[in-house]
Amino acid sequence: MEPIQVVKSIVTPLDKKNVDTDQIISKEFLKRIERTGFGKYLFYHWRFQEDGSEQPDFVLNQPLYSGSKILVAHENFGCGSSREHAPWAIGDYGFRVVIAPSFADIFYNNCMKNGILPIRLPVAQVEEILHKAAYRVVVDLPNQEILGEDGAIYPFDIDPYQKKMLVNGWDEISLTYLYEEQIVAYEKNNARQAAL
């Protein structure tokens with residue numbers, strides 16, 4: 001995974017509560033086994049009209065937010081199914097950080113495992129960020145704070161293990177490889193003990 005340390009971006013305000021995984025990526029687009037290629041389907045039924053043209057009012061279709069790496073939404077983001085394609089679509093679209101007051105537990109953990117930083121902030125702080133027009137921030141994961149262009153500081157909590165994984169760009173497989181020598185030594189010793 002690509003490490004996350006400091007992310008600088010304008011925030012994309014998705015002013016909705018209870019965004020479920022089927023709204024993030026609808027079931028008809030789950031035909032790939034790779035983790036890539038889902039970004040073009042992110043929020044598809046909100047982004048596009050029935051004729052395939054863009055829905056001009058939807059925030060992702062507004063040029064101001066093109067290239068944004070930080071999505072901000074309301075409570076219970078990622079609810080619904082355990083669909084891992086949801087964080088895949090968010091990451092493939094280009095978002096590295098999702099900020100909300102709360103997340104569905106499975107979605108939250110799936111984000112961590114797929115190189116996306118989910119940040120929980122109090123409702124009042126999320127409301128504040130959502131309603132600042134064209135707001136640019138710096139998300140500083142090592143120091144666990146969001147720095148707004150207006151001087152606002154929003155500290156956030158994260159599990160130390162998850163933080164280490166994201167800062168280093170490790171998934172569970174790459175973490176296992178870090179201990180390859182010890183694993184090989186253990187297996188050799190175990191085989192020797194079994195032969196005695």
# chains A, B, ... in the order shown; residues from 1 in each chain; ligands from 1
call {"tool": "residues_around", "arguments": {"residues": "range 64-72 of chain A", "least_positions_apart": "5", "cutoff": "7 Å", "atoms": "only C-alpha atoms", "output": "list in words"}}
result
Ser9, Ile10, Val11, Thr12, Pro13, Leu14, Gly94, Phe95, Arg96, Val97, Val98, Ile99, Ala100 and Leu130 of chain A
call {"tool": "residues_around", "arguments": {"residues": "Gly151 in chain A", "least_positions_apart": "3", "cutoff": "12 Å", "atoms": "only C-alpha atoms", "output": "list in words"}}
result
Tyr135, Arg136, Val137, Val138, Glu145, Ile146, Leu147, Gly148 and Tyr154 of chain A
call {"tool": "write_last_selection", "arguments": {"atoms": "all heavy atoms", "output": "PDB file, in the first residue's frame"}}
result
ATOM      1  N   TYR A 135     -12.601  24.588   1.212  1.00  0.00           N
ATOM      2  CA  TYR A 135     -11.706  24.537   2.373  1.00  0.00           C
ATOM      3  C   TYR A 135     -10.526  23.608   2.113  1.00  0.00           C
ATOM      4  O   TYR A 135     -10.697  22.456   1.721  1.00  0.00           O
ATOM      5  CB  TYR A 135     -12.503  24.052   3.580  1.00  0.00           C
ATOM      6  CG  TYR A 135     -11.834  24.240   4.908  1.00  0.00           C
ATOM      7  CD1 TYR A 135     -11.253  25.456   5.262  1.00  0.00           C
ATOM      8  CD2 TYR A 135     -11.797  23.204   5.839  1.00  0.00           C
ATOM      9  CE1 TYR A 135     -10.657  25.638   6.501  1.00  0.00           C
ATOM     10  CE2 TYR A 135     -11.207  23.380   7.080  1.00  0.00           C
ATOM     11  CZ  TYR A 135     -10.644  24.594   7.401  1.00  0.00           C
ATOM     12  OH  TYR A 135     -10.051  24.765   8.633  1.00  0.00           O
ATOM     13  N   ARG A 136      -9.349  24.118   2.340  1.00  0.00           N
ATOM     14  CA  ARG A 136      -8.125  23.325   2.166  1.00  0.00           C
ATOM     15  C   ARG A 136      -7.560  22.976   3.537  1.00  0.00           C
ATOM     16  O   ARG A 136      -7.526  23.824   4.432  1.00  0.00           O
ATOM     17  CB  ARG A 136      -7.079  24.099   1.362  1.00  0.00           C
ATOM     18  CG  ARG A 136      -7.499  24.311  -0.065  1.00  0.00           C
ATOM     19  CD  ARG A 136      -6.378  24.888  -0.928  1.00  0.00           C
ATOM     20  NE  ARG A 136      -6.828  24.968  -2.302  1.00  0.00           N
ATOM     21  CZ  ARG A 136      -6.808  23.958  -3.161  1.00  0.00           C
ATOM     22  NH1 ARG A 136      -6.309  22.797  -2.784  1.00  0.00           N
ATOM     23  NH2 ARG A 136      -7.262  24.089  -4.381  1.00  0.00           N
ATOM     24  N   VAL A 137      -7.118  21.727   3.659  1.00  0.00           N
ATOM     25  CA  VAL A 137      -6.565  21.271   4.929  1.00  0.00           C
ATOM     26  C   VAL A 137      -5.308  20.444   4.680  1.00  0.00           C
ATOM     27  O   VAL A 137      -5.044  19.994   3.552  1.00  0.00           O
ATOM     28  CB  VAL A 137      -7.577  20.414   5.734  1.00  0.00           C
ATOM     29  CG1 VAL A 137      -8.847  21.195   6.028  1.00  0.00           C
ATOM     30  CG2 VAL A 137      -7.880  19.105   5.039  1.00  0.00           C
ATOM     31  N   VAL A 138      -4.587  20.243   5.749  1.00  0.00           N
ATOM     32  CA  VAL A 138      -3.456  19.310   5.765  1.00  0.00           C
ATOM     33  C   VAL A 138      -3.786  18.259   6.816  1.00  0.00           C
ATOM     34  O   VAL A 138      -4.001  18.601   7.980  1.00  0.00           O
ATOM     35  CB  VAL A 138      -2.138  20.022   6.125  1.00  0.00           C
ATOM     36  CG1 VAL A 138      -1.001  19.005   6.250  1.00  0.00           C
ATOM     37  CG2 VAL A 138      -1.800  21.095   5.105  1.00  0.00           C
ATOM     38  N   GLU A 145      -3.407  15.214  13.526  1.00  0.00           N
ATOM     39  CA  GLU A 145      -4.191  16.442  13.514  1.00  0.00           C
ATOM     40  C   GLU A 145      -4.474  16.887  12.086  1.00  0.00           C
ATOM     41  O   GLU A 145      -3.732  16.573  11.156  1.00  0.00           O
ATOM     42  CB  GLU A 145      -3.506  17.562  14.313  1.00  0.00           C
ATOM     43  CG  GLU A 145      -2.133  17.910  13.831  1.00  0.00           C
ATOM     44  CD  GLU A 145      -1.419  18.878  14.767  1.00  0.00           C
ATOM     45  OE1 GLU A 145      -1.853  19.063  15.917  1.00  0.00           O
ATOM     46  OE2 GLU A 145      -0.414  19.463  14.318  1.00  0.00           O
ATOM     47  N   ILE A 146      -5.577  17.608  11.965  1.00  0.00           N
ATOM     48  CA  ILE A 146      -5.963  18.225  10.698  1.00  0.00           C
ATOM     49  C   ILE A 146      -5.758  19.718  10.865  1.00  0.00           C
ATOM     50  O   ILE A 146      -6.277  20.318  11.819  1.00  0.00           O
ATOM     51  CB  ILE A 146      -7.436  17.922  10.364  1.00  0.00           C
ATOM     52  CG1 ILE A 146      -7.656  16.410  10.271  1.00  0.00           C
ATOM     53  CG2 ILE A 146      -7.846  18.615   9.070  1.00  0.00           C
ATOM     54  CD1 ILE A 146      -9.126  16.018  10.234  1.00  0.00           C
ATOM     55  N   LEU A 147      -5.001  20.307   9.958  1.00  0.00           N
ATOM     56  CA  LEU A 147      -4.709  21.736  10.026  1.00  0.00           C
ATOM     57  C   LEU A 147      -5.467  22.438   8.911  1.00  0.00           C
ATOM     58  O   LEU A 147      -5.226  22.182   7.723  1.00  0.00           O
ATOM     59  CB  LEU A 147      -3.208  21.974   9.866  1.00  0.00           C
ATOM     60  CG  LEU A 147      -2.308  21.142  10.790  1.00  0.00           C
ATOM     61  CD1 LEU A 147      -0.857  21.246  10.371  1.00  0.00           C
ATOM     62  CD2 LEU A 147      -2.493  21.587  12.229  1.00  0.00           C
ATOM     63  N   GLY A 148      -6.376  23.329   9.269  1.00  0.00           N
ATOM     64  CA  GLY A 148      -7.136  24.067   8.272  1.00  0.00           C
ATOM     65  C   GLY A 148      -6.381  25.287   7.794  1.00  0.00           C
ATOM     66  O   GLY A 148      -5.537  25.834   8.509  1.00  0.00           O
ATOM     67  N   TYR A 154      -7.766  20.382  14.204  1.00  0.00           N
ATOM     68  CA  TYR A 154      -8.690  19.324  14.614  1.00  0.00           C
ATOM     69  C   TYR A 154      -7.872  18.076  14.943  1.00  0.00           C
ATOM     70  O   TYR A 154      -7.484  17.336  14.028  1.00  0.00           O
ATOM     71  CB  TYR A 154      -9.678  19.002  13.493  1.00  0.00           C
ATOM     72  CG  TYR A 154     -10.445  20.201  12.979  1.00  0.00           C
ATOM     73  CD1 TYR A 154     -10.009  20.894  11.847  1.00  0.00           C
ATOM     74  CD2 TYR A 154     -11.603  20.632  13.610  1.00  0.00           C
ATOM     75  CE1 TYR A 154     -10.703  21.994  11.369  1.00  0.00           C
ATOM     76  CE2 TYR A 154     -12.310  21.726  13.137  1.00  0.00           C
ATOM     77  CZ  TYR A 154     -11.853  22.405  12.009  1.00  0.00           C
ATOM     78  OH  TYR A 154     -12.546  23.493  11.548  1.00  0.00           O
TER      79      TYR A 154
END
call {"tool": "select_by_dssp", "arguments": {"residues": "range 11-173 of chain A", "states": "strand (DSSP E or B)", "output": "MDAnalysis selection string"}}
result
chainID A and resid 11:13 20 48 54 70:72 77 79 97:100 103 117:120 136:140 145:148 153:155
call {"tool": "atom_distance", "arguments": {"atom1": "CA of Glu75 in chain A", "atom2": "CA of Ser102 in chain A"}}
result
4.9 Å
call {"tool": "atom_distance", "arguments": {"atom1": "CA of Asp157 in chain A", "atom2": "CA of Asp171 in chain A"}}
result
20.0 Å
call {"tool": "residues_around", "arguments": {"residues": "Trp170 in chain A", "least_positions_apart": "5", "cutoff": "12 Å", "atoms": "only C-alpha atoms", "output": "ChimeraX atom specification"}}
result
/A:1-4,112-116,161-165,175-178
call {"tool": "write_last_selection", "arguments": {"atoms": "N, CA, C and O atoms", "output": "compact mmCIF listing (two decimals), in the first residue's frame"}}
result
# COMPACT_ATOMS: atom_id res chain seq x y z
N MET A 1 0.83 -1.19 0.00
CA MET A 1 0.00 0.00 0.00
C MET A 1 0.87 1.25 0.00
O MET A 1 1.98 1.22 0.50
N GLU A 2 0.34 2.31 -0.53
CA GLU A 2 1.05 3.58 -0.50
C GLU A 2 0.97 4.16 0.91
O GLU A 2 -0.12 4.26 1.48
N PRO A 3 2.11 4.56 1.50
CA PRO A 3 2.06 5.11 2.86
C PRO A 3 1.24 6.40 2.91
O PRO A 3 1.15 7.14 1.93
N ILE A 4 0.66 6.66 4.06
CA ILE A 4 -0.03 7.93 4.31
C ILE A 4 0.69 8.62 5.45
O ILE A 4 0.79 8.06 6.55
N MET A 112 -8.85 0.91 6.63
CA MET A 112 -7.50 0.77 7.18
C MET A 112 -6.70 -0.28 6.42
O MET A 112 -5.51 -0.11 6.17
N LYS A 113 -7.34 -1.37 6.05
CA LYS A 113 -6.65 -2.46 5.37
C LYS A 113 -6.38 -2.15 3.90
O LYS A 113 -5.65 -2.89 3.24
N ASN A 114 -6.98 -1.08 3.40
CA ASN A 114 -6.82 -0.75 1.98
C ASN A 114 -6.20 0.63 1.76
O ASN A 114 -6.38 1.23 0.70
N GLY A 115 -5.48 1.12 2.77
CA GLY A 115 -4.70 2.34 2.58
C GLY A 115 -5.49 3.63 2.56
O GLY A 115 -5.05 4.61 1.98
N ILE A 116 -6.64 3.63 3.22
CA ILE A 116 -7.44 4.85 3.34
C ILE A 116 -7.56 5.18 4.82
O ILE A 116 -7.86 4.31 5.63
N TYR A 161 -1.51 0.77 16.38
CA TYR A 161 -1.15 -0.27 15.40
C TYR A 161 -1.59 0.14 14.00
O TYR A 161 -0.81 0.06 13.04
N GLN A 162 -2.84 0.62 13.88
CA GLN A 162 -3.35 1.04 12.56
C GLN A 162 -2.55 2.23 12.02
O GLN A 162 -2.28 2.32 10.83
N LYS A 163 -2.20 3.12 12.91
CA LYS A 163 -1.41 4.28 12.49
C LYS A 163 -0.06 3.84 11.92
O LYS A 163 0.35 4.30 10.85
N LYS A 164 0.61 2.91 12.61
CA LYS A 164 1.91 2.42 12.14
C LYS A 164 1.77 1.75 10.77
O LYS A 164 2.60 1.93 9.89
N MET A 165 0.70 0.97 10.61
CA MET A 165 0.48 0.29 9.33
C MET A 165 0.30 1.31 8.20
O MET A 165 0.89 1.18 7.13
N LEU A 175 3.48 -6.93 6.34
CA LEU A 175 3.95 -7.00 7.72
C LEU A 175 4.51 -8.38 8.03
O LEU A 175 5.55 -8.52 8.68
N THR A 176 3.87 -9.42 7.53
CA THR A 176 4.35 -10.78 7.72
C THR A 176 5.74 -10.96 7.11
O THR A 176 6.63 -11.57 7.70
N TYR A 177 5.95 -10.36 5.92
CA TYR A 177 7.25 -10.48 5.25
C TYR A 177 8.37 -9.82 6.07
O TYR A 177 9.53 -10.21 5.97
N LEU A 178 8.02 -8.82 6.88
CA LEU A 178 9.04 -8.18 7.72
C LEU A 178 9.65 -9.16 8.71
O LEU A 178 10.77 -8.98 9.18
call {"tool": "select_by_dssp", "arguments": {"residues": "range 3-166 of chain A", "states": "alpha helix (DSSP H)", "output": "PyMOL selection string"}}
result
chain A and resi 21-24+44-47+85-93+105-113+123-130+160-166
